[in-house]
file entry36.cif (mmCIF, C-alpha atoms)
data_run
loop_
_atom_site.label_atom_id
_atom_site.label_comp_id
_atom_site.auth_asym_id
_atom_site.auth_seq_id
_atom_site.Cartn_x
_atom_site.Cartn_y
_atom_site.Cartn_z
CA MET A 1 1.01 25.82 -24.23
CA PRO A 2 4.26 24.33 -25.62
CA LEU A 3 5.69 21.14 -24.22
CA GLU A 4 8.28 22.10 -21.65
CA PRO A 5 11.94 21.24 -22.31
CA PHE A 6 13.16 17.85 -21.15
CA LYS A 7 15.09 18.54 -17.97
CA GLN A 8 18.49 16.98 -17.37
CA SER A 9 18.50 14.40 -14.57
CA ASP A 10 20.89 11.84 -13.18
CA ALA A 11 20.72 8.66 -15.22
CA LEU A 12 18.98 5.78 -13.41
CA SER A 13 18.00 7.92 -10.44
CA MET A 14 14.59 6.96 -9.09
CA GLY A 15 11.68 8.34 -7.13
CA VAL A 16 8.46 6.75 -5.89
CA GLU A 17 4.90 8.03 -5.53
CA LEU A 18 2.29 6.07 -3.58
CA GLU A 19 -1.45 6.68 -3.39
CA LEU A 20 -2.74 5.57 0.01
CA GLN A 21 -6.17 4.79 1.43
CA ILE A 22 -7.57 6.66 4.45
CA VAL A 23 -9.64 4.18 6.47
CA ASN A 24 -12.13 4.50 9.34
CA THR A 25 -11.14 2.68 12.52
CA TYR A 26 -14.71 1.66 13.36
CA ASP A 27 -15.91 -0.05 10.16
CA GLN A 28 -12.80 -0.24 7.92
CA ASP A 29 -14.56 1.76 5.18
CA LEU A 30 -12.86 4.70 3.49
CA SER A 31 -12.82 7.96 5.42
CA SER A 32 -13.14 11.36 3.72
CA SER A 33 -10.43 12.82 5.92
CA ALA A 34 -7.78 14.04 3.49
CA ASP A 35 -8.33 17.70 4.35
CA ASP A 36 -7.84 17.08 8.07
CA LEU A 37 -4.84 14.81 7.57
CA LEU A 38 -3.08 17.22 5.21
CA ALA A 39 -3.73 20.14 7.57
CA LEU A 40 -2.21 18.22 10.47
CA LEU A 41 0.82 17.15 8.44
CA LYS A 42 1.59 20.79 7.57
CA ARG A 43 2.40 21.35 11.23
CA VAL A 44 5.16 18.73 11.46
CA PRO A 45 8.37 18.13 9.49
CA PHE A 46 7.59 15.70 6.69
CA PRO A 47 10.35 13.50 5.23
CA GLY A 48 9.08 13.74 1.65
CA SER A 49 6.02 15.32 0.08
CA VAL A 50 2.31 14.66 0.58
CA THR A 51 -0.50 15.97 -1.62
CA PRO A 52 -4.23 15.45 -2.15
CA GLU A 53 -5.61 13.12 -4.76
CA MET A 54 -8.88 12.91 -6.69
CA THR A 55 -11.15 12.14 -3.75
CA GLN A 56 -11.14 13.00 -0.05
CA SER A 57 -10.35 9.42 1.01
CA MET A 58 -6.90 9.26 -0.52
CA ILE A 59 -3.54 11.02 -0.38
CA GLU A 60 -0.35 10.72 -2.42
CA ILE A 61 3.14 10.67 -0.97
CA ALA A 62 6.37 11.10 -2.90
CA THR A 63 10.02 10.47 -2.10
CA GLY A 64 13.00 12.51 -3.13
CA VAL A 65 15.48 11.39 -5.79
CA HIS A 66 17.52 8.28 -4.99
CA THR A 67 20.04 5.99 -6.63
CA ARG A 68 20.20 3.13 -4.09
CA HIS A 69 17.70 0.78 -2.50
CA ASP A 70 18.72 1.36 1.13
CA ALA A 71 18.26 5.14 0.99
CA LEU A 72 14.94 4.88 -0.88
CA LEU A 73 13.58 2.36 1.62
CA ALA A 74 14.75 4.46 4.58
CA GLN A 75 12.83 7.48 3.29
CA LEU A 76 9.70 5.45 2.54
CA ARG A 77 9.76 4.07 6.08
CA ALA A 78 10.21 7.55 7.55
CA ILE A 79 7.28 8.83 5.48
CA ARG A 80 5.13 5.89 6.58
CA ASP A 81 5.94 6.40 10.26
CA THR A 82 5.14 10.11 10.07
CA LEU A 83 1.83 9.40 8.32
CA LEU A 84 0.82 6.73 10.83
CA ALA A 85 1.51 9.02 13.77
CA ALA A 86 -0.65 11.77 12.23
CA ALA A 87 -3.43 9.34 11.33
CA GLU A 88 -3.52 8.05 14.90
CA ARG A 89 -4.12 11.58 16.18
CA LEU A 90 -7.15 11.83 13.88
CA ASN A 91 -8.40 8.33 14.76
CA VAL A 92 -8.09 7.11 11.17
CA GLU A 93 -5.80 4.52 9.62
CA LEU A 94 -3.86 4.16 6.38
CA ALA A 95 -3.47 1.26 3.98
CA GLY A 96 -1.94 0.32 0.68
CA GLY A 97 -3.69 -1.86 -1.87
CA GLY A 98 -4.88 -1.00 -5.36
CA THR A 99 -8.56 -0.88 -4.42
CA HIS A 100 -10.55 -0.63 -1.23
CA PRO A 101 -12.45 -3.95 -1.07
CA PHE A 102 -15.95 -2.64 -0.36
CA GLN A 103 -16.15 1.17 -0.58
CA ARG A 104 -19.02 2.53 -2.66
CA TRP A 105 -17.77 4.88 -5.35
CA PHE A 106 -20.87 7.11 -5.30
CA GLU A 107 -20.22 8.04 -1.67
CA GLN A 108 -16.78 9.50 -2.44
CA ARG A 109 -16.23 13.27 -2.39
CA ILE A 110 -14.07 15.02 -4.97
CA PHE A 111 -11.21 16.95 -3.35
CA ASP A 112 -11.78 20.70 -3.59
CA LYS A 113 -9.00 21.56 -6.01
CA PRO A 114 -9.61 23.19 -9.42
CA ARG A 115 -8.00 20.43 -11.49
CA PHE A 116 -9.93 17.67 -9.69
CA GLN A 117 -13.20 19.59 -10.02
CA GLN A 118 -12.51 20.09 -13.74
CA LEU A 119 -11.80 16.39 -14.21
CA SER A 120 -14.96 15.52 -12.32
CA GLY A 121 -16.98 17.72 -14.65
CA LEU A 122 -15.35 16.14 -17.70
CA TYR A 123 -15.41 12.47 -16.69
CA GLY A 124 -18.58 12.32 -14.59
CA TYR A 125 -18.88 9.21 -12.43
CA LEU A 126 -15.51 7.92 -13.66
CA ALA A 127 -13.82 10.54 -11.47
CA LYS A 128 -15.30 9.05 -8.29
CA GLN A 129 -14.66 5.53 -9.56
CA PHE A 130 -11.04 6.64 -9.82
CA THR A 131 -10.78 6.12 -6.06
CA VAL A 132 -8.15 3.52 -6.80
CA PHE A 133 -4.57 3.51 -5.60
CA GLY A 134 -1.37 3.10 -7.57
CA GLN A 135 2.39 3.27 -7.29
CA HIS A 136 4.25 5.41 -9.81
CA VAL A 137 8.01 5.05 -10.31
CA HIS A 138 10.20 7.67 -11.98
CA ILE A 139 13.54 6.80 -13.56
CA GLY A 140 16.00 9.52 -14.56
CA CYS A 141 17.15 9.66 -18.19
CA ARG A 142 20.21 11.28 -19.74
CA SER A 143 18.22 12.70 -22.63
CA ALA A 144 14.71 12.96 -24.03
CA ASP A 145 15.52 10.45 -26.76
CA GLU A 146 16.76 7.97 -24.14
CA ALA A 147 13.47 8.45 -22.29
CA LEU A 148 11.49 7.47 -25.38
CA PHE A 149 13.80 4.50 -26.00
CA LEU A 150 13.27 3.21 -22.46
CA LEU A 151 9.53 3.91 -22.52
CA HIS A 152 9.08 1.62 -25.52
CA ALA A 153 11.80 -0.93 -24.67
CA LEU A 154 10.05 -1.55 -21.34
CA ASN A 155 6.75 -2.51 -22.97
CA ARG A 156 7.59 -6.19 -22.87
CA TYR A 157 8.10 -6.03 -19.08
CA VAL A 158 4.91 -4.19 -18.15
CA PRO A 159 3.15 -7.49 -17.23
CA HIS A 160 5.92 -8.16 -14.70
CA PHE A 161 5.13 -5.01 -12.76
CA ILE A 162 1.38 -5.59 -12.89
CA ALA A 163 1.73 -9.15 -11.61
CA LEU A 164 4.29 -8.41 -8.91
CA SER A 165 2.43 -5.38 -7.52
CA ALA A 166 -1.14 -6.71 -7.88
CA SER A 167 -3.09 -6.02 -4.69
CA SER A 168 -6.65 -5.31 -5.82
CA PRO A 169 -8.61 -8.57 -6.10
CA PHE A 170 -11.70 -7.19 -4.31
CA PHE A 171 -13.89 -4.33 -5.51
CA GLN A 172 -17.37 -3.16 -4.47
CA GLY A 173 -17.57 -6.04 -1.99
CA ALA A 174 -16.84 -8.86 -4.44
CA ASP A 175 -13.89 -10.92 -5.59
CA THR A 176 -13.38 -9.68 -9.16
CA LEU A 177 -11.29 -12.76 -10.09
CA PHE A 178 -8.67 -10.23 -11.23
CA ASP A 179 -5.40 -9.87 -9.34
CA SER A 180 -5.38 -6.20 -10.37
CA ALA A 181 -8.94 -4.88 -10.69
CA ARG A 182 -7.60 -1.34 -10.26
CA LEU A 183 -6.33 -1.15 -13.80
CA ASN A 184 -9.81 -1.77 -15.19
CA SER A 185 -10.79 1.62 -13.74
CA VAL A 186 -7.75 3.27 -15.32
CA PHE A 187 -8.47 1.74 -18.73
CA ALA A 188 -11.86 3.49 -18.82
CA PHE A 189 -10.18 6.85 -19.43
CA PRO A 190 -9.84 7.82 -23.11
CA LEU A 191 -6.17 8.82 -22.89
CA SER A 192 -4.99 5.68 -21.10
CA GLY A 193 -3.09 2.71 -22.54
CA ARG A 194 0.18 2.94 -24.42
CA ALA A 195 2.12 5.91 -25.74
CA PRO A 196 2.45 6.43 -29.52
CA PHE A 197 5.49 4.78 -31.08
CA VAL A 198 7.87 7.70 -31.49
CA LEU A 199 11.59 7.41 -30.73
CA ARG A 200 12.84 10.97 -31.29
CA TRP A 201 11.78 13.76 -28.93
CA ASP A 202 11.57 16.32 -31.75
CA ASP A 203 9.11 14.06 -33.56
CA PHE A 204 7.14 13.55 -30.35
CA GLU A 205 6.96 17.25 -29.58
CA GLN A 206 6.48 18.69 -33.07
CA GLY A 207 4.46 15.86 -34.52
CA TYR A 208 2.38 14.11 -31.90
CA PHE A 209 2.05 16.53 -28.97
CA ARG A 210 1.41 19.67 -30.99
CA LYS A 211 -1.24 17.88 -33.05
CA MET A 212 -2.96 16.65 -29.91
CA GLU A 213 -2.74 20.09 -28.36
CA SER A 214 -4.30 21.65 -31.45
CA THR A 215 -7.36 19.43 -31.03
CA GLY A 216 -8.00 20.92 -27.59
CA VAL A 217 -8.01 17.45 -26.04
CA VAL A 218 -4.78 17.91 -24.07
CA LYS A 219 -2.93 20.84 -22.55
CA SER A 220 0.02 19.10 -20.86
CA MET A 221 1.54 15.68 -20.25
CA LYS A 222 -0.70 15.37 -17.17
CA ASP A 223 -3.64 14.78 -19.50
CA PHE A 224 -2.18 11.45 -20.66
CA TYR A 225 -2.85 8.42 -18.46
CA TRP A 226 -0.46 6.15 -20.33
CA ASP A 227 1.04 3.07 -18.69
CA ILE A 228 4.45 4.70 -19.10
CA ARG A 229 4.82 8.37 -19.93
CA PRO A 230 7.71 10.82 -20.22
CA LYS A 231 7.89 13.58 -17.60
CA PRO A 232 9.97 16.35 -19.17
CA GLU A 233 9.74 18.62 -16.11
CA TYR A 234 11.62 15.96 -14.11
CA GLY A 235 13.75 14.44 -16.88
CA THR A 236 12.25 11.02 -16.22
CA ILE A 237 9.97 8.31 -17.48
CA GLU A 238 7.11 7.37 -15.17
CA LEU A 239 5.80 3.81 -14.84
CA ARG A 240 2.14 3.92 -13.80
CA VAL A 241 0.81 0.33 -13.97
CA CYS A 242 1.58 -0.82 -10.42
CA ASP A 243 -1.06 -1.19 -7.73
CA THR A 244 0.03 0.41 -4.48
CA PRO A 245 1.66 -2.48 -2.60
CA LEU A 246 0.63 -3.22 0.97
CA THR A 247 4.14 -2.46 2.27
CA VAL A 248 6.70 0.22 1.53
CA GLU A 249 9.27 -2.57 1.38
CA ARG A 250 7.55 -4.02 -1.69
CA ALA A 251 7.25 -0.53 -3.20
CA ALA A 252 11.00 0.03 -2.88
CA ALA A 253 11.75 -3.38 -4.38
CA LEU A 254 9.58 -2.67 -7.44
CA ALA A 255 11.32 0.65 -8.01
CA CYS A 256 14.71 -1.04 -7.90
CA TYR A 257 13.53 -3.73 -10.34
CA LEU A 258 12.65 -0.98 -12.80
CA GLN A 259 15.98 0.75 -12.21
CA ALA A 260 17.91 -2.46 -12.91
CA LEU A 261 15.85 -3.19 -16.02
CA CYS A 262 16.55 0.28 -17.36
CA ARG A 263 20.28 -0.18 -16.78
CA HIS A 264 20.15 -3.49 -18.63
CA LEU A 265 18.23 -1.95 -21.56
CA VAL A 266 20.45 1.11 -21.85
CA GLU A 267 23.60 -1.01 -21.89
CA GLY A 268 22.45 -3.49 -24.50
CA GLY A 269 18.74 -3.65 -25.09
CA GLU A 270 17.33 -4.28 -28.54
CA PRO A 271 15.84 -1.24 -30.27
CA PRO A 272 12.05 -1.29 -29.76
CA GLN A 273 9.72 -1.79 -32.73
CA GLU A 274 6.09 -0.90 -33.34
CA ASP A 275 5.29 -4.61 -33.78
CA ASP A 276 6.32 -5.19 -30.15
CA TYR A 277 2.87 -3.83 -29.29
CA LEU A 278 0.96 -6.50 -31.22
CA VAL A 279 0.59 -8.55 -28.04
CA TYR A 280 0.81 -5.68 -25.55
CA THR A 281 -2.87 -5.46 -24.61
CA TYR A 282 -3.20 -9.23 -24.39
CA ASN A 283 -0.14 -9.54 -22.15
CA ARG A 284 -1.35 -6.74 -19.92
CA PHE A 285 -4.76 -8.39 -19.56
CA GLN A 286 -3.16 -11.71 -18.60
CA ALA A 287 -1.17 -10.02 -15.84
CA CYS A 288 -4.22 -8.14 -14.53
CA ARG A 289 -6.48 -11.17 -14.59
CA PHE A 290 -4.17 -13.96 -13.49
CA GLY A 291 -1.16 -12.21 -11.94
CA LEU A 292 1.87 -14.45 -11.67
CA GLU A 293 -0.18 -17.38 -12.99
CA GLY A 294 -0.74 -15.60 -16.30
CA THR A 295 0.83 -16.28 -19.67
CA LEU A 296 2.39 -13.66 -21.93
CA VAL A 297 3.45 -13.87 -25.55
CA HIS A 298 7.00 -12.76 -26.27
CA PRO A 299 6.67 -9.92 -28.79
CA ARG A 300 9.66 -11.03 -30.91
CA THR A 301 9.65 -14.82 -30.77
CA ARG A 302 5.83 -15.16 -30.43
CA GLU A 303 6.58 -17.81 -27.79
CA PRO A 304 4.09 -18.20 -24.90
CA LEU A 305 5.79 -17.71 -21.54
CA SER A 306 4.72 -18.10 -17.94
CA ILE A 307 4.76 -14.64 -16.35
CA ARG A 308 6.16 -16.19 -13.18
CA GLU A 309 9.01 -17.95 -15.00
CA ASP A 310 9.74 -14.93 -17.18
CA ILE A 311 10.15 -12.77 -14.08
CA LEU A 312 12.46 -15.30 -12.44
CA ALA A 313 14.57 -15.58 -15.61
CA THR A 314 14.76 -11.79 -15.88
CA LEU A 315 15.83 -11.46 -12.25
CA ARG A 316 18.70 -13.86 -12.94
CA ARG A 317 19.79 -11.78 -15.95
CA LEU A 318 19.69 -8.64 -13.85
CA GLU A 319 21.94 -9.94 -11.05
CA PRO A 320 25.07 -8.02 -12.22
CA HIS A 321 23.04 -4.82 -12.49
CA ALA A 322 21.50 -5.32 -9.06
CA GLN A 323 24.94 -5.82 -7.56
CA ALA A 324 26.24 -2.65 -9.22
CA LEU A 325 23.22 -0.63 -8.09
CA GLY A 326 23.14 -1.96 -4.53
CA SER A 327 19.72 -3.55 -4.90
CA ALA A 328 20.39 -7.26 -4.40
CA ALA A 329 18.07 -7.32 -1.36
CA ALA A 330 15.24 -5.82 -3.42
CA MET A 331 15.70 -8.45 -6.12
CA ALA A 332 15.70 -11.19 -3.48
CA GLU A 333 12.32 -10.02 -2.21
CA LEU A 334 10.82 -10.10 -5.70
CA GLU A 335 12.33 -13.52 -6.36
CA ALA A 336 10.53 -14.77 -3.24
CA VAL A 337 7.27 -13.21 -4.44
CA ALA A 338 7.49 -14.80 -7.89
CA GLY A 339 8.95 -18.09 -6.70
CA ALA A 340 6.94 -18.98 -3.61
CA VAL A 341 5.20 -16.30 -1.55
CA GLY A 342 2.90 -14.91 -4.22
CA ASN A 343 1.73 -11.34 -4.73
CA HIS A 344 -0.41 -9.35 -2.31
CA ALA A 345 -3.60 -10.21 -4.23
CA ARG A 346 -3.04 -13.88 -3.48
CA GLN A 347 -2.37 -13.14 0.18
CA LEU A 348 -5.46 -10.95 0.56
CA ARG A 349 -7.59 -13.73 -0.90
CA ALA A 350 -6.06 -16.08 1.68
CA VAL A 351 -7.11 -13.68 4.46
CA HIS A 352 -10.67 -13.66 3.12
CA ALA A 353 -10.75 -17.44 2.76
CA ARG A 354 -9.53 -17.85 6.34
CA THR A 355 -11.83 -15.28 7.96
CA GLY A 356 -14.83 -15.03 5.65
CA SER A 357 -14.77 -11.26 6.31
CA ILE A 358 -14.20 -8.48 3.81
CA GLN A 359 -13.49 -6.12 6.72
CA ALA A 360 -10.69 -8.47 7.79
CA VAL A 361 -9.10 -7.94 4.38
CA VAL A 362 -8.90 -4.19 5.04
CA ARG A 363 -7.63 -4.84 8.56
CA ALA A 364 -4.85 -7.01 7.14
CA ALA A 365 -3.86 -4.25 4.69
CA VAL A 366 -3.75 -1.65 7.49
CA ASP A 367 -1.57 -3.91 9.62
CA ALA A 368 0.72 -4.74 6.69
CA LEU A 369 1.56 -1.10 6.05
CA ARG A 370 2.45 -0.60 9.71
CA ASP A 371 4.36 -3.86 10.21
CA GLY A 372 6.00 -4.27 6.80
CA VAL A 373 4.55 -7.75 6.32
CA LEU A 374 1.15 -9.22 5.49
CA SER A 375 0.18 -11.89 7.99
#
call {"tool": "encode", "arguments": {"input": "entry36.cif", "output": "structure tokens"}}
result
Amino acid sequence: MPLEPFKQSDALSMGVELELQIVNTYDQDLSSSADDLLALLKRVPFPGSVTPEMTQSMIEIATGVHTRHDALLAQLRAIRDTLLAAAERLNVELAGGGTHPFQRWFEQRIFDKPRFQQLSGLYGYLAKQFTVFGQHVHIGCRSADEALFLLHALNRYVPHFIALSASSPFFQGADTLFDSARLNSVFAFPLSGRAPFVLRWDDFEQGYFRKMESTGVVKSMKDFYWDIRPKPEYGTIELRVCDTPLTVERAAALACYLQALCRHLVEGGEPPQEDDYLVYTYNRFQACRFGLEGTLVHPRTREPLSIREDILATLRRLEPHAQALGSAAAMAELEAVAGAVGNHARQLRAVHARTGSIQAVVRAAVDALRDGVLS
């Protein structure tokens, strides 16, 4: 089928999707309760959208379209409160975090939806191992060519979003030594990674997409699991590298960071080059493995940079954009994360070190979603 036309959208508008864990109250393991939760939520007004995901122990929520931090955060909080009330009626709980610390992938059940069943047949055990949880952020673009410009211009900042959102240090009952172990599961899929370097939509559609479609490998943009991908049906680009944060407050802040970066790049960013990707995989690994403590290589200067210091320097450059967009509070939260507090992976490790209990790590994530802070 042909690639659908790139829809017009409001420039720099944003929307957020969050994949959330459904957790048992009695042992903190994942609960295969998505069917029951979704059925219950159909009976009440929902301040956003909620849909199933690959397995029965996860759901995905999505906001509407926003331009300002305060409105986005208000909707995320309303969605969270509605979800928590429904979960309480079913005696289950909800949590953020990129991975569940000790669930066993082979116990997960594929959600009974044709696309998920088809993916399960294609990818085998990888489908159940895809019980990992991410945040996706959409940013509106004025044109398809602008979407491709932003997609590639953002490549240098991908490690920032991985490090700031990282919340998946534990997997299958062990400390992986990665701040974001979730992305290792994503990388296993053959159509993951980076998008091809194409800057004109006509070239992307006529050259790349049609060739891929002719191979039978892909049928739509949904078949690509790229770190950033265009979404023509929405008129957006979609950033997909973030772990689901433990709080909706952090999720809103990350979305606003992307919005401000896009404004900065549109107003004066350097044209992206294919050679920018020479260090892309290395930089992404550093952010996954070490988080804010990692080191990236600047793609133009070849200079090694602390991810932490690069984020702080970027936040300073973005101050005028944050003021114009009404997101100064979001930037202040991320400055605290990079400068002192640390990401959620670091804080979850502190919970484990203090308690010696992997169940306590899940308990802390459940409480953080409800309270808006990880204690």
call {"tool": "closest_atom_pairs", "arguments": {"input": "entry36.cif", "of": "stretch 294-354 of chain A", "to": "stretch 263-271 of chain A", "cutoff": "12 Å", "atoms": "only C-alpha atoms", "output": "CSV"}}
result
residue,atom,partner,partner_atom,distance
A:Arg300,CA,A:Glu270,CA,10.5
A:Thr314,CA,A:His264,CA,10.3
A:Leu315,CA,A:His264,CA,11.1
A:Arg316,CA,A:His264,CA,11.9
A:Arg317,CA,A:His264,CA,8.7
A:Leu318,CA,A:His264,CA,7.0
A:Glu319,CA,A:His264,CA,10.1
A:Pro320,CA,A:His264,CA,9.3
A:His321,CA,A:Arg263,CA,6.9
A:Ala322,CA,A:Arg263,CA,9.4
A:Gln323,CA,A:Arg263,CA,11.8
A:Ala324,CA,A:Arg263,CA,9.9
A:Leu325,CA,A:Arg263,CA,9.2
call {"tool": "resolve_selection", "arguments": {"input": "entry36.cif", "expression": "the PyMOL selection byres ((chain A and resi 282-294) around 10)", "output": "PDB file with C-alpha atoms, in the frame of the given file"}}
result
ATOM      1  CA  ASN A 155       6.750  -2.510 -22.970  1.00  0.00           C
ATOM      2  CA  ARG A 156       7.590  -6.190 -22.870  1.00  0.00           C
ATOM      3  CA  TYR A 157       8.100  -6.030 -19.080  1.00  0.00           C
ATOM      4  CA  VAL A 158       4.910  -4.190 -18.150  1.00  0.00           C
ATOM      5  CA  PRO A 159       3.150  -7.490 -17.230  1.00  0.00           C
ATOM      6  CA  HIS A 160       5.920  -8.160 -14.700  1.00  0.00           C
ATOM      7  CA  PHE A 161       5.130  -5.010 -12.760  1.00  0.00           C
ATOM      8  CA  ILE A 162       1.380  -5.590 -12.890  1.00  0.00           C
ATOM      9  CA  ALA A 163       1.730  -9.150 -11.610  1.00  0.00           C
ATOM     10  CA  LEU A 164       4.290  -8.410  -8.910  1.00  0.00           C
ATOM     11  CA  SER A 165       2.430  -5.380  -7.520  1.00  0.00           C
ATOM     12  CA  ALA A 166      -1.140  -6.710  -7.880  1.00  0.00           C
ATOM     13  CA  SER A 167      -3.090  -6.020  -4.690  1.00  0.00           C
ATOM     14  CA  SER A 168      -6.650  -5.310  -5.820  1.00  0.00           C
ATOM     15  CA  PRO A 169      -8.610  -8.570  -6.100  1.00  0.00           C
ATOM     16  CA  THR A 176     -13.380  -9.680  -9.160  1.00  0.00           C
ATOM     17  CA  LEU A 177     -11.290 -12.760 -10.090  1.00  0.00           C
ATOM     18  CA  PHE A 178      -8.670 -10.230 -11.230  1.00  0.00           C
ATOM     19  CA  ASP A 179      -5.400  -9.870  -9.340  1.00  0.00           C
ATOM     20  CA  SER A 180      -5.380  -6.200 -10.370  1.00  0.00           C
ATOM     21  CA  ALA A 181      -8.940  -4.880 -10.690  1.00  0.00           C
ATOM     22  CA  ARG A 182      -7.600  -1.340 -10.260  1.00  0.00           C
ATOM     23  CA  LEU A 183      -6.330  -1.150 -13.800  1.00  0.00           C
ATOM     24  CA  ASN A 184      -9.810  -1.770 -15.190  1.00  0.00           C
ATOM     25  CA  GLY A 193      -3.090   2.710 -22.540  1.00  0.00           C
ATOM     26  CA  VAL A 241       0.810   0.330 -13.970  1.00  0.00           C
ATOM     27  CA  TYR A 277       2.870  -3.830 -29.290  1.00  0.00           C
ATOM     28  CA  LEU A 278       0.960  -6.500 -31.220  1.00  0.00           C
ATOM     29  CA  VAL A 279       0.590  -8.550 -28.040  1.00  0.00           C
ATOM     30  CA  TYR A 280       0.810  -5.680 -25.550  1.00  0.00           C
ATOM     31  CA  THR A 281      -2.870  -5.460 -24.610  1.00  0.00           C
ATOM     32  CA  THR A 295       0.830 -16.280 -19.670  1.00  0.00           C
ATOM     33  CA  LEU A 296       2.390 -13.660 -21.930  1.00  0.00           C
ATOM     34  CA  VAL A 297       3.450 -13.870 -25.550  1.00  0.00           C
ATOM     35  CA  HIS A 298       7.000 -12.760 -26.270  1.00  0.00           C
ATOM     36  CA  PRO A 299       6.670  -9.920 -28.790  1.00  0.00           C
ATOM     37  CA  LEU A 305       5.790 -17.710 -21.540  1.00  0.00           C
ATOM     38  CA  SER A 306       4.720 -18.100 -17.940  1.00  0.00           C
ATOM     39  CA  ILE A 307       4.760 -14.640 -16.350  1.00  0.00           C
ATOM     40  CA  ARG A 308       6.160 -16.190 -13.180  1.00  0.00           C
ATOM     41  CA  GLU A 309       9.010 -17.950 -15.000  1.00  0.00           C
ATOM     42  CA  ASP A 310       9.740 -14.930 -17.180  1.00  0.00           C
ATOM     43  CA  ILE A 311      10.150 -12.770 -14.080  1.00  0.00           C
ATOM     44  CA  VAL A 337       7.270 -13.210  -4.440  1.00  0.00           C
ATOM     45  CA  ALA A 338       7.490 -14.800  -7.890  1.00  0.00           C
ATOM     46  CA  GLY A 339       8.950 -18.090  -6.700  1.00  0.00           C
ATOM     47  CA  GLY A 342       2.900 -14.910  -4.220  1.00  0.00           C
ATOM     48  CA  ASN A 343       1.730 -11.340  -4.730  1.00  0.00           C
ATOM     49  CA  ALA A 345      -3.600 -10.210  -4.230  1.00  0.00           C
ATOM     50  CA  ARG A 346      -3.040 -13.880  -3.480  1.00  0.00           C
TER      51      ARG A 346
END
call {"tool": "atom_distance", "arguments": {"input": "entry36.cif", "atom1": "atom CA of A:Ala252", "atom2": "atom CA of A:Arg240"}}
result
14.6 Å
call {"tool": "closest_residue", "arguments": {"input": "entry36.cif", "among": "A:Val186, A:Val351, A:Leu191, A:Ala144", "to": "A:Tyr234", "atoms": "only C-alpha atoms"}}
result
A:Ala144
call {"tool": "atom_distance", "arguments": {"input": "entry36.cif", "atom1": "atom CA of A:Arg104", "atom2": "atom CA of A:Ser32"}}
result
12.4 Å
call {"tool": "atom_distance", "arguments": {"input": "entry36.cif", "atom1": "atom CA of A:Val373", "atom2": "atom CA of A:Ala353"}}
result
18.5 Å
call {"tool": "residues_near_point", "arguments": {"input": "entry36.cif", "point": "(3.0, 11.6, -32.9)", "cutoff": "12 Å", "atoms": "all atoms listed in the file", "output": "list of chain:residue names"}}
result
A:Ala195, A:Pro196, A:Phe197, A:Val198, A:Leu199, A:Arg200, A:Trp201, A:Asp202, A:Asp203, A:Phe204, A:Glu205, A:Gln206, A:Gly207, A:Tyr208, A:Phe209, A:Arg210, A:Lys211, A:Met212, A:Glu213
call {"tool": "residues_around", "arguments": {"input": "entry36.cif", "residues": "A:Val92", "least_positions_apart": "2", "cutoff": "12 Å", "atoms": "all atoms listed in the file", "output": "list of chain:residue names"}}
result
A:Gln21, A:Ile22, A:Val23, A:Asn24, A:Thr25, A:Tyr26, A:Asp27, A:Gln28, A:Asp29, A:Leu30, A:Ser31, A:Ser32, A:Ser33, A:Ala34, A:Asp36, A:Leu37, A:Ser57, A:Met58, A:Leu83, A:Leu84, A:Ala85, A:Ala86, A:Ala87, A:Glu88, A:Arg89, A:Leu90, A:Leu94, A:Ala95, A:Val366
call {"tool": "closest_residue", "arguments": {"input": "entry36.cif", "among": "A:Val248, A:Phe171, A:Glu19, A:Leu154", "to": "A:Gln103", "atoms": "all atoms listed in the file"}}
result
A:Phe171
call {"tool": "closest_residue", "arguments": {"input": "entry36.cif", "among": "A:His66, A:Arg77, A:Arg43, A:Lys7", "to": "A:Gly235", "atoms": "all atoms listed in the file"}}
result
A:Lys7
call {"tool": "residues_near_point", "arguments": {"input": "entry36.cif", "point": "(16.6, 10.6, -21.1)", "cutoff": "12 Å", "atoms": "only C-alpha atoms", "output": "MDAnalysis selection string"}}
result
chainID A and resid 5:13 138:151 199:201 230:238 262 266
call {"tool": "residues_around", "arguments": {"input": "entry36.cif", "residues": "A:Leu369", "least_positions_apart": "2", "cutoff": "12 Å", "atoms": "all atoms listed in the file", "output": "PyMOL selection string"}}
result
chain A and resi 20-21+76-77+79-81+83-84+93-97+244-251+344+362-367+371-375
call {"tool": "resolve_selection", "arguments": {"input": "entry36.cif", "expression": "the PyMOL selection byres ((chain A and resi 101) around 7)", "output": "PyMOL selection string"}}
result
chain A and resi 99-100+102-103+170-173+358
call {"tool": "closest_atom_pairs", "arguments": {"input": "entry36.cif", "of": "stretch 321-357 of chain A", "to": "stretch 67-75 of chain A", "cutoff": "8 Å", "atoms": "only C-alpha atoms", "output": "JSON lines"}}
result
{"residue": "A:Leu325", "atom": "CA", "partner": "A:Arg68", "partner_atom": "CA", "distance": 6.3}
{"residue": "A:Gly326", "atom": "CA", "partner": "A:Arg68", "partner_atom": "CA", "distance": 5.9}
{"residue": "A:Ser327", "atom": "CA", "partner": "A:His69", "partner_atom": "CA", "distance": 5.3}
{"residue": "A:Ala330", "atom": "CA", "partner": "A:His69", "partner_atom": "CA", "distance": 7.1}
